[in-house]
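Enquirer: Take a look at the following structure, please.
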4 protein chains.
Amino acid sequence: MLIEPIQKSQISKRFVEVRSYSVSLCKPLQTEDYIPQPVAFASPPKWHLAHTTWFFEEMILKKFSTDYQEFHSHFSFLFNSYYQTVGERAIRAERGSITRPSIEEVYAYRSYVDKHIVELIENRPSNELEELIILGINHEQQHQELLLTDLKHTLHFNPIWPVYEQEYDLTDDQNRSFSWISIPEGVYEIGHQGDGFCFDNELGRHRAFLESFEVCEALVTNGEYQEFIEDGGYKNFKYWLDEGWSWIVSEDIHHPLYWKKIDGQWHQYTLAGLKRLSPDSILAHISFYEAQAYATWKKMRLLTEFEWEVASDQLAWGKRWEWTYSAYLPYPNFKIADGAVGEYNGKFMINTMVLRGASNATSSGHSRKTYRNFFHPQYRWQYTGIRLAK
Amino acid sequence: MLIEPIQKSQISKRFVEVRSYSVSLCKPLQTEDYIPQPVAFASPPKWHLAHTTWFFEEMILKKFSTDYQEFHSHFSFLFNSYYQTVGERAIRAERGSITRPSIEEVYAYRSYVDKHIVELIENRPSNELEELIILGINHEQQHQELLLTDLKHTLHFNPIWPVYEQEYDLTDDQNRSFSWISIPEGVYEIGHQGDGFCFDNELGRHRAFLESFEVCEALVTNGEYQEFIEDGGYKNFKYWLDEGWSWIVSEDIHHPLYWKKIDGQWHQYTLAGLKRLSPDSILAHISFYEAQAYATWKKMRLLTEFEWEVASDQLAWGKRWEWTYSAYLPYPNFKIADGAVGEYNGKFMINTMVLRGASNATSSGHSRKTYRNFFHPQYRWQYTGIRLAK
Amino acid sequence: MLIEPIQKSQISKRFVEVRSYSVSLCKPLQTEDYIPQPVAFASPPKWHLAHTTWFFEEMILKKFSTDYQEFHSHFSFLFNSYYQTVGERAIRAERGSITRPSIEEVYAYRSYVDKHIVELIENRPSNELEELIILGINHEQQHQELLLTDLKHTLHFNPIWPVYEQEYDLTDDQNRSFSWISIPEGVYEIGHQGDGFCFDNELGRHRAFLESFEVCEALVTNGEYQEFIEDGGYKNFKYWLDEGWSWIVSEDIHHPLYWKKIDGQWHQYTLAGLKRLSPDSILAHISFYEAQAYATWKKMRLLTEFEWEVASDQLAWGKRWEWTYSAYLPYPNFKIADGAVGEYNGKFMINTMVLRGASNATSSGHSRKTYRNFFHPQYRWQYTGIRLAK
Amino acid sequence: MLIEPIQKSQISKRFVEVRSYSVSLCKPLQTEDYIPQPVAFASPPKWHLAHTTWFFEEMILKKFSTDYQEFHSHFSFLFNSYYQTVGERAIRAERGSITRPSIEEVYAYRSYVDKHIVELIENRPSNELEELIILGINHEQQHQELLLTDLKHTLHFNPIWPVYEQEYDLTDDQNRSFSWISIPEGVYEIGHQGDGFCFDNELGRHRAFLESFEVCEALVTNGEYQEFIEDGGYKNFKYWLDEGWSWIVSEDIHHPLYWKKIDGQWHQYTLAGLKRLSPDSILAHISFYEAQAYATWKKMRLLTEFEWEVASDQLAWGKRWEWTYSAYLPYPNFKIADGAVGEYNGKFMINTMVLRGASNATSSGHSRKTYRNFFHPQYRWQYTGIRLAK
């Protein structure tokens, strides 16, 4: 996986590219698809398109462009997300009822803001501006992945299994290697370094001592996970963390998200529609609880995030987010930035687990080995998988 | 208020009229507005359009038209509502995530079914067919009122207060009479009689003894209700039923639904947008709890549904549903029809209160003095008001 | 069933009798049994003993006895129940955590208050005093029944099925008559009349017209109800009100409360311990939903409360509370008394159904044909049964 | 703080000592106090006494003593806790309704089991037996602390603030040092070593690299925490983790547990009753969220558990559990034991934070520097405090 640090001179081109990519992701959508938010944690496509634009308007245009006229007086309120610093916000769970502005207006909003950002880059370049635009680009890329995964989640509530895109990739992985890589004990450097962009949670580069360990080159496949199911994995509490067991019992969970048995055959819902489950595809859409239970059943374990970072140079990664058995916590000397930008990461450092890697839904240029993704252990709507260690 | 019994010979014309009216109600909508369902009790416009069509397809075409080809194999499942007799149903609270079929497909579905119903009426008329079509027409009219009130409820979640229709009526009532009408004690006949259509819950015509009572000609206005608020009506438990008090405390309720104080001035959200509250308009969007508390504060009471039915000939009614202090219960000799049609009314006869009258949102020809509307006592999204008795 | 109107001259004797009966009900208890409150709707024995005493102290001694010293400054707060007029109250669901005062102190509280009430009757008799004492006596008798039924409910959470009293009666009814009694149509008088005590909800004596009906002399037995279960009564939605069906599905209910199948044999938990289910015993511990579903399955119906009151003179009643298909609503001209006493009944007149009759747990002298008991339709911990009508 | 490794030859004496200490903790209790369980996470004293006894009966006597007659056939079921391996369990939240067996029977159960354990030690000593007895002793000591803290929590629901023991210690700390201790960077050994008892979660001794840090000798006091409150600490989201902020908003939290402002003066509920808040006492009963917010407000931070362990030799600790900013996760090479004993610790390693140290409620001989206590971040009923680092 190649990391492309963005050159400041190319910022305008990169900005346009990333902004256009969001639009291209929505090409297969009908107007109706832009609207619903069946669950509070996943937002509608329209909201993603508008909120990422809001970020550029609120954090950049209103600050750097003295004569900027905001596109619409209500949008600052409507499309703020969790930034309490910025002011009152619409309620998160009610994004799906915001039918107006229409999707056409949101696209007009995007064009309007894009035009002003490009002008600003040309007319009033500065380091601070460029840094914020790069942050905005990375913010937009995060929402690109969410747009896809949220959309998949919304569409799957429809009993007729709609198709987003016939060609959407299932990530078969038939040439994978099952070798185990050994990593020796030692003090290793952890965290981001260098000129390229990173989030604040990757900073505070520091040393960590690791005992020696072994890590599997391959991610777990659907077929391997089926063995766990067939061996009664979801019926035996001894493989599960206590809260994981409570979760599968109370939510009546017996298989990964999007799996469905039809006439005795496993199928899975994908963005290309309902498909027969391919045993050789990389497993996806499991919770941390399921990842950990599977590893326990295998008499192995998950990596920690530090082990993952150290081993990553020897791994082909990037097709699935990989649950680690590391809680998402601050690195030594982690600093929270002042103002709204400071609300980006630090405040979520409790009750969430770190995922490392990237998925096929991750936007190009938005992954690196020090990247720390994080979700609550029960979430499954991202493309999340398992890598074993021992 | 004129009741128009439908002549069987006019059934085809009436069918087309009522079906067209549903479509005309949606004229001011953008595609986005057809989709959301922010709360489980209110359905999206698209669903209303499709479900009323489903009723004609499932209950009539599939039964009477031997060579009928259903429009789409999934629609029977998608657009069933609560009819457990008919089979599996999509989950009620998830109607808002069904983005496909598109709204165009739903309109095509309507046209297809309408064409077949009209042909059926012409080619194979029968009493049973006509009765079911009349039931379907009345079912559709109920959904027309729900379409408007559900839509208003959905739009009000949007902090920018969208306008459905600039001209939508607020029901000012400036020439109202405040007189009290006296009704003498006696045995009265209650329930529907005659040839016209009625629902099963109006049948079981029977006698009831009423003590003498007085009823006010006018409905309570916004201005009168404001006095209750200003007198601390929402702060004094003694006016409230115990569950009403718990409800206003736990839901933090201090005024009718859709009222909003802006800079010290009461406003109300209407289908014509946000408006200054008109003190002379008839009060709307209150729960039974609020109606009962207001009456108690006034040292008066609400009517029972029998009192209402007996007094109705002397009242100008039809602009607001009127809460009665009668629970929705079966009349003597009430019979539940066999099959799915029997699920229409009887099974809701618990924990709901009867409303009598009609509102401005009620479709023309869909009201009569024996009509029994019913909702749980906390619901407020219908146009519900107060008539006092003593 | 004999109604004994209390003669004012015998008030002191009656007071002592009723107060002693509460104590005698607690004789089989261990100290531990006085404490728990596993569910919010049922209170611990200690609380019943203290709260009924509080009523006499707060409503009578503090008002009529000018030099009365309250027993303990905290008890007014601790043992108030729902009387919002009287002041702050301890939270209802937390009665089970009030370990202090000890049960000995509560008994001392009872003795202290009893002594002062008896002195008051002797030294300062008045009509108003006597009326309040009679109200207090009736209030205490209501709590006597609750004490038994709450206790049974608490004990049944214990997997070892404790015995309250070996001899506690199961109400076998082997000589019952299955005849049907016919009541002719007509205008009947409803509500209390005469000198004896009644609650405010029985007043507003008025006339009601009843169509003719028939009522069964016998209550439904366990054996008859078993047939309903065995015929799939709990598995077929068509017998159930919509909310009843939701209730049995969500609560996973398949039989009356306290029934348990052990090795293929039905048992029931009673205050005399776990017993084999007697098919000839009168059915008890069912919700209104179950009563209504059973009647529907039988192709019959429940009585209304007015029908019950009119028929009652021809029935042997008093062994089980009988669910009626009448909502608990105010009679015409129902008046709410001023002050705390007015909070007794009227504020519960919503979402509850009327029960008529009495049960074996009802205290002697506390039943009459105009008595209106009421509970939410899902409650089952009272001795509630079914009488069929047609 | 002295760690006393238990010599195997003294096992019988130690067993009797620890078992007696549980009984002595209950001396101030009335029978009523043994019963209630107002919240699911805290158990009644009776249950602690019985469950610790169950551990010895179930895990030891039934396995090692071939002719052992169990004390009562139901107790194995009633007093199992979360050990799913052992079989069916009574529901955790319903422990408070188990009034029978009586507290006398529970004391008899204790004596019976104690006698048999002592006999077993004398007659059939073995390493495996001794290890399990030591585990049982440590298990009992954990429940001794819970007994006190659960009891305090239960009693505080009583609006009259009962006293457990007049002399119960408030841990004033008036001679404390405010110095900062510096710890140099380096690779440190973490985890238990040596012969003494430890829990499985302390094993997997391993190395960790720590950057240099400073730690304060003193714990935060009530007075210092009051400054945070007075500076608006509970009103400014910027000090709080996102879930911490949601928690204080939804739970309406404005101060530590057991604090109460009366007539403008802070008080705190203690096991010695309600007391004026002492500003010099060590702060207790705060959640992790509050600890973290306080540290952020101070522009400092909490220690990690590894930092704490390394610094502990230079600290006077043991008066308060200290929240660390470390999630409770497995050490490298952590192994879960087979069978029920394996359910002790590992399955809780998610969504909990580590506390290090000990409190005044911790039993003597039950603390060591490698001990890992853990709770969900919102829990406050333990004696939990704050030590700052930078």
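Going through the structure tokens in order, the chains are called A, B, and so on, while each chain numbers its residues from 1 and the ligands are numbered from 1 in the order shown.
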Please report, as a PDB file with C-alpha atoms, in the first residue's frame, each residue of stretch 74-292 of chain A to which DSSP assigns strand (DSSP E) when run on this structure's backbone.
Expert:
ATOM      1  CA  TRP A 180       3.420 -17.011   9.734  1.00  0.00           C
ATOM      2  CA  ILE A 181       5.814 -14.134  10.144  1.00  0.00           C
ATOM      3  CA  SER A 182       7.968 -13.917  13.269  1.00  0.00           C
ATOM      4  CA  ILE A 183       8.701 -10.572  14.832  1.00  0.00           C
ATOM      5  CA  GLY A 186      12.582  -5.325  21.135  1.00  0.00           C
ATOM      6  CA  VAL A 187      11.922  -1.641  21.623  1.00  0.00           C
ATOM      7  CA  TYR A 188      10.100  -0.231  18.603  1.00  0.00           C
ATOM      8  CA  GLU A 189       9.108   3.247  17.495  1.00  0.00           C
ATOM      9  CA  ILE A 190       5.356   3.794  17.309  1.00  0.00           C
ATOM     10  CA  HIS A 206       7.146   7.033  21.227  1.00  0.00           C
ATOM     11  CA  ARG A 207       8.835   3.757  21.986  1.00  0.00           C
ATOM     12  CA  ALA A 208       7.185   0.514  22.994  1.00  0.00           C
ATOM     13  CA  PHE A 209       8.683  -2.763  24.058  1.00  0.00           C
ATOM     14  CA  LEU A 210       7.216  -5.782  22.329  1.00  0.00           C
ATOM     15  CA  PHE A 213       5.239 -12.787  18.405  1.00  0.00           C
ATOM     16  CA  GLU A 214       4.034 -14.420  15.205  1.00  0.00           C
ATOM     17  CA  VAL A 215       1.442 -13.067  12.816  1.00  0.00           C
ATOM     18  CA  CYS A 216      -0.410 -14.736   9.948  1.00  0.00           C
ATOM     19  CA  GLU A 217       0.007 -13.280   6.477  1.00  0.00           C
ATOM     20  CA  ALA A 218      -3.586 -14.057   5.533  1.00  0.00           C
ATOM     21  CA  LEU A 219      -6.826 -12.653   6.840  1.00  0.00           C
ATOM     22  CA  TRP A 259     -25.202 -13.036   6.018  1.00  0.00           C
ATOM     23  CA  LYS A 260     -28.491 -14.767   5.327  1.00  0.00           C
ATOM     24  CA  LYS A 261     -29.250 -18.457   4.958  1.00  0.00           C
ATOM     25  CA  ILE A 262     -31.683 -19.111   2.106  1.00  0.00           C
ATOM     26  CA  GLN A 265     -27.276 -21.913   1.552  1.00  0.00           C
ATOM     27  CA  TRP A 266     -25.361 -18.992   3.000  1.00  0.00           C
ATOM     28  CA  HIS A 267     -25.730 -15.752   1.087  1.00  0.00           C
ATOM     29  CA  GLN A 268     -24.412 -12.307   1.803  1.00  0.00           C
ATOM     30  CA  TYR A 269     -25.795  -8.913   0.968  1.00  0.00           C
ATOM     31  CA  THR A 270     -23.255  -6.797  -0.900  1.00  0.00           C
ATOM     32  CA  GLY A 273     -26.819  -7.197  -4.397  1.00  0.00           C
ATOM     33  CA  LEU A 274     -27.446 -10.530  -2.734  1.00  0.00           C
ATOM     34  CA  LYS A 275     -24.778 -13.116  -3.614  1.00  0.00           C
ATOM     35  CA  ARG A 276     -23.956 -16.701  -2.726  1.00  0.00           C
TER      36      ARG A 276
END
Enquirer: Give me, as a PyMOL selection string, all polymer residues having an atom no more than 8 Å from C:Pro332, counting only C-alpha atoms and skipping those fewer than 5 positions away in the same chain.
Expert: (chain B and resi 211) or (chain C and resi 204-206)
Enquirer: With all heavy atoms retained, could you export that selection as a compact mmCIF listing (two decimals), in the first residue's frame?
Expert:
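To be explicit, this is the file written out as part30.txt:
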# COMPACT_ATOMS: atom_id res chain seq x y z
N GLU B 211 -78.08 11.16 30.80
CA GLU B 211 -78.57 12.22 31.69
C GLU B 211 -78.51 13.53 30.90
O GLU B 211 -77.79 13.64 29.90
CB GLU B 211 -77.68 12.30 32.94
CG GLU B 211 -77.50 10.99 33.70
CD GLU B 211 -78.74 10.61 34.53
OE1 GLU B 211 -79.60 11.48 34.77
OE2 GLU B 211 -78.85 9.43 34.93
N GLY C 204 -72.32 9.48 41.84
CA GLY C 204 -72.86 9.94 40.57
C GLY C 204 -73.83 8.87 40.09
O GLY C 204 -73.76 8.41 38.96
N ARG C 205 -74.69 8.46 41.04
CA ARG C 205 -75.67 7.42 40.67
C ARG C 205 -76.46 7.92 39.46
O ARG C 205 -76.88 9.06 39.40
CB ARG C 205 -76.59 7.13 41.86
CG ARG C 205 -77.58 6.00 41.58
CD ARG C 205 -78.07 5.38 42.87
NE ARG C 205 -79.16 4.45 42.65
CZ ARG C 205 -78.98 3.13 42.54
NH1 ARG C 205 -77.79 2.61 42.64
NH2 ARG C 205 -80.05 2.36 42.35
N HIS C 206 -76.66 7.02 38.53
CA HIS C 206 -77.26 7.45 37.27
C HIS C 206 -77.92 6.26 36.59
O HIS C 206 -77.80 5.12 37.05
CB HIS C 206 -76.18 8.05 36.37
CG HIS C 206 -75.13 7.06 35.98
ND1 HIS C 206 -74.15 6.62 36.84
CD2 HIS C 206 -74.92 6.39 34.83
CE1 HIS C 206 -73.38 5.75 36.24
NE2 HIS C 206 -73.83 5.59 35.02
Enquirer: Run DSSP on the backbone of this structure and report the residues of stretch 239-282 of chain D it assigns to helix (DSSP H, G or I), as a ChimeraX atom specification.
Expert: /D:239,242-250
Enquirer: Per residue of chain D within 6 Å of chain A, note the shortest atom pair and the distance in Å to one decimal, counting only C-alpha atoms, and order the rows by chain and increasing residue number, as CSV.
Expert:
residue,atom,partner,partner_atom,distance
D:Ala208,CA,A:Phe209,CA,5.0
D:Phe209,CA,A:Phe209,CA,5.0
D:Leu241,CA,A:Lys347,CA,4.4
D:Asp242,CA,A:Lys347,CA,5.1
D:Lys347,CA,A:Leu241,CA,4.3
D:Phe348,CA,A:Asp242,CA,5.9
D:Asn351,CA,A:Asn351,CA,4.7
Enquirer: Let me see the file: selected residues, C-alpha atoms, as a PDB file, in the first residue's frame.
Expert:
ATOM      1  CA  ALA D 208       7.187  -2.452  28.842  1.00  0.00           C
ATOM      2  CA  PHE D 209       8.993   0.635  27.684  1.00  0.00           C
ATOM      3  CA  LEU D 241     -14.703  12.558  26.891  1.00  0.00           C
ATOM      4  CA  ASP D 242     -17.669  12.447  24.563  1.00  0.00           C
ATOM      5  CA  LYS D 347     -14.015 -12.382  30.190  1.00  0.00           C
ATOM      6  CA  PHE D 348     -14.333  -8.865  31.568  1.00  0.00           C
ATOM      7  CA  ASN D 351     -14.954  -1.571  28.076  1.00  0.00           C
TER       8      ASN D 351
END
Enquirer: Please report the interatomic distance between atom CA of B:Ser43 and atom CA of A:Arg95 in Å with one decimal.
Expert: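 Separating atom CA of B:Ser43 from atom CA of A:Arg95 is a distance of 16.5 Å.
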Enquirer: Between atom CA of D:Gly191 and atom CA of D:Trp317, what is the spacing in Å?
Expert: 17.7 Å
Enquirer: Would you mind telling me which residue in C:Leu49, C:Met300, C:Ile117, C:Leu257 lies nearest to C:Thr384 when using only C-alpha atoms?
Expert: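 The shortest atom-to-atom distance to C:Thr384 comes from C:Leu257.
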Enquirer: Nearest residue to A:Ile282 out of A:Trp161, A:Trp297, A:Tyr225, A:Phe178, using only C-alpha atoms?
Expert: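 Using only C-alpha atoms, the shortest distance to A:Ile282 belongs to A:Tyr225.
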Enquirer: To one decimal place, how far is atom CA of C:Phe55 from atom CA of C:Phe375 in Å?
Expert: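 Between atom CA of C:Phe55 and atom CA of C:Phe375 the gap is 22.2 Å.
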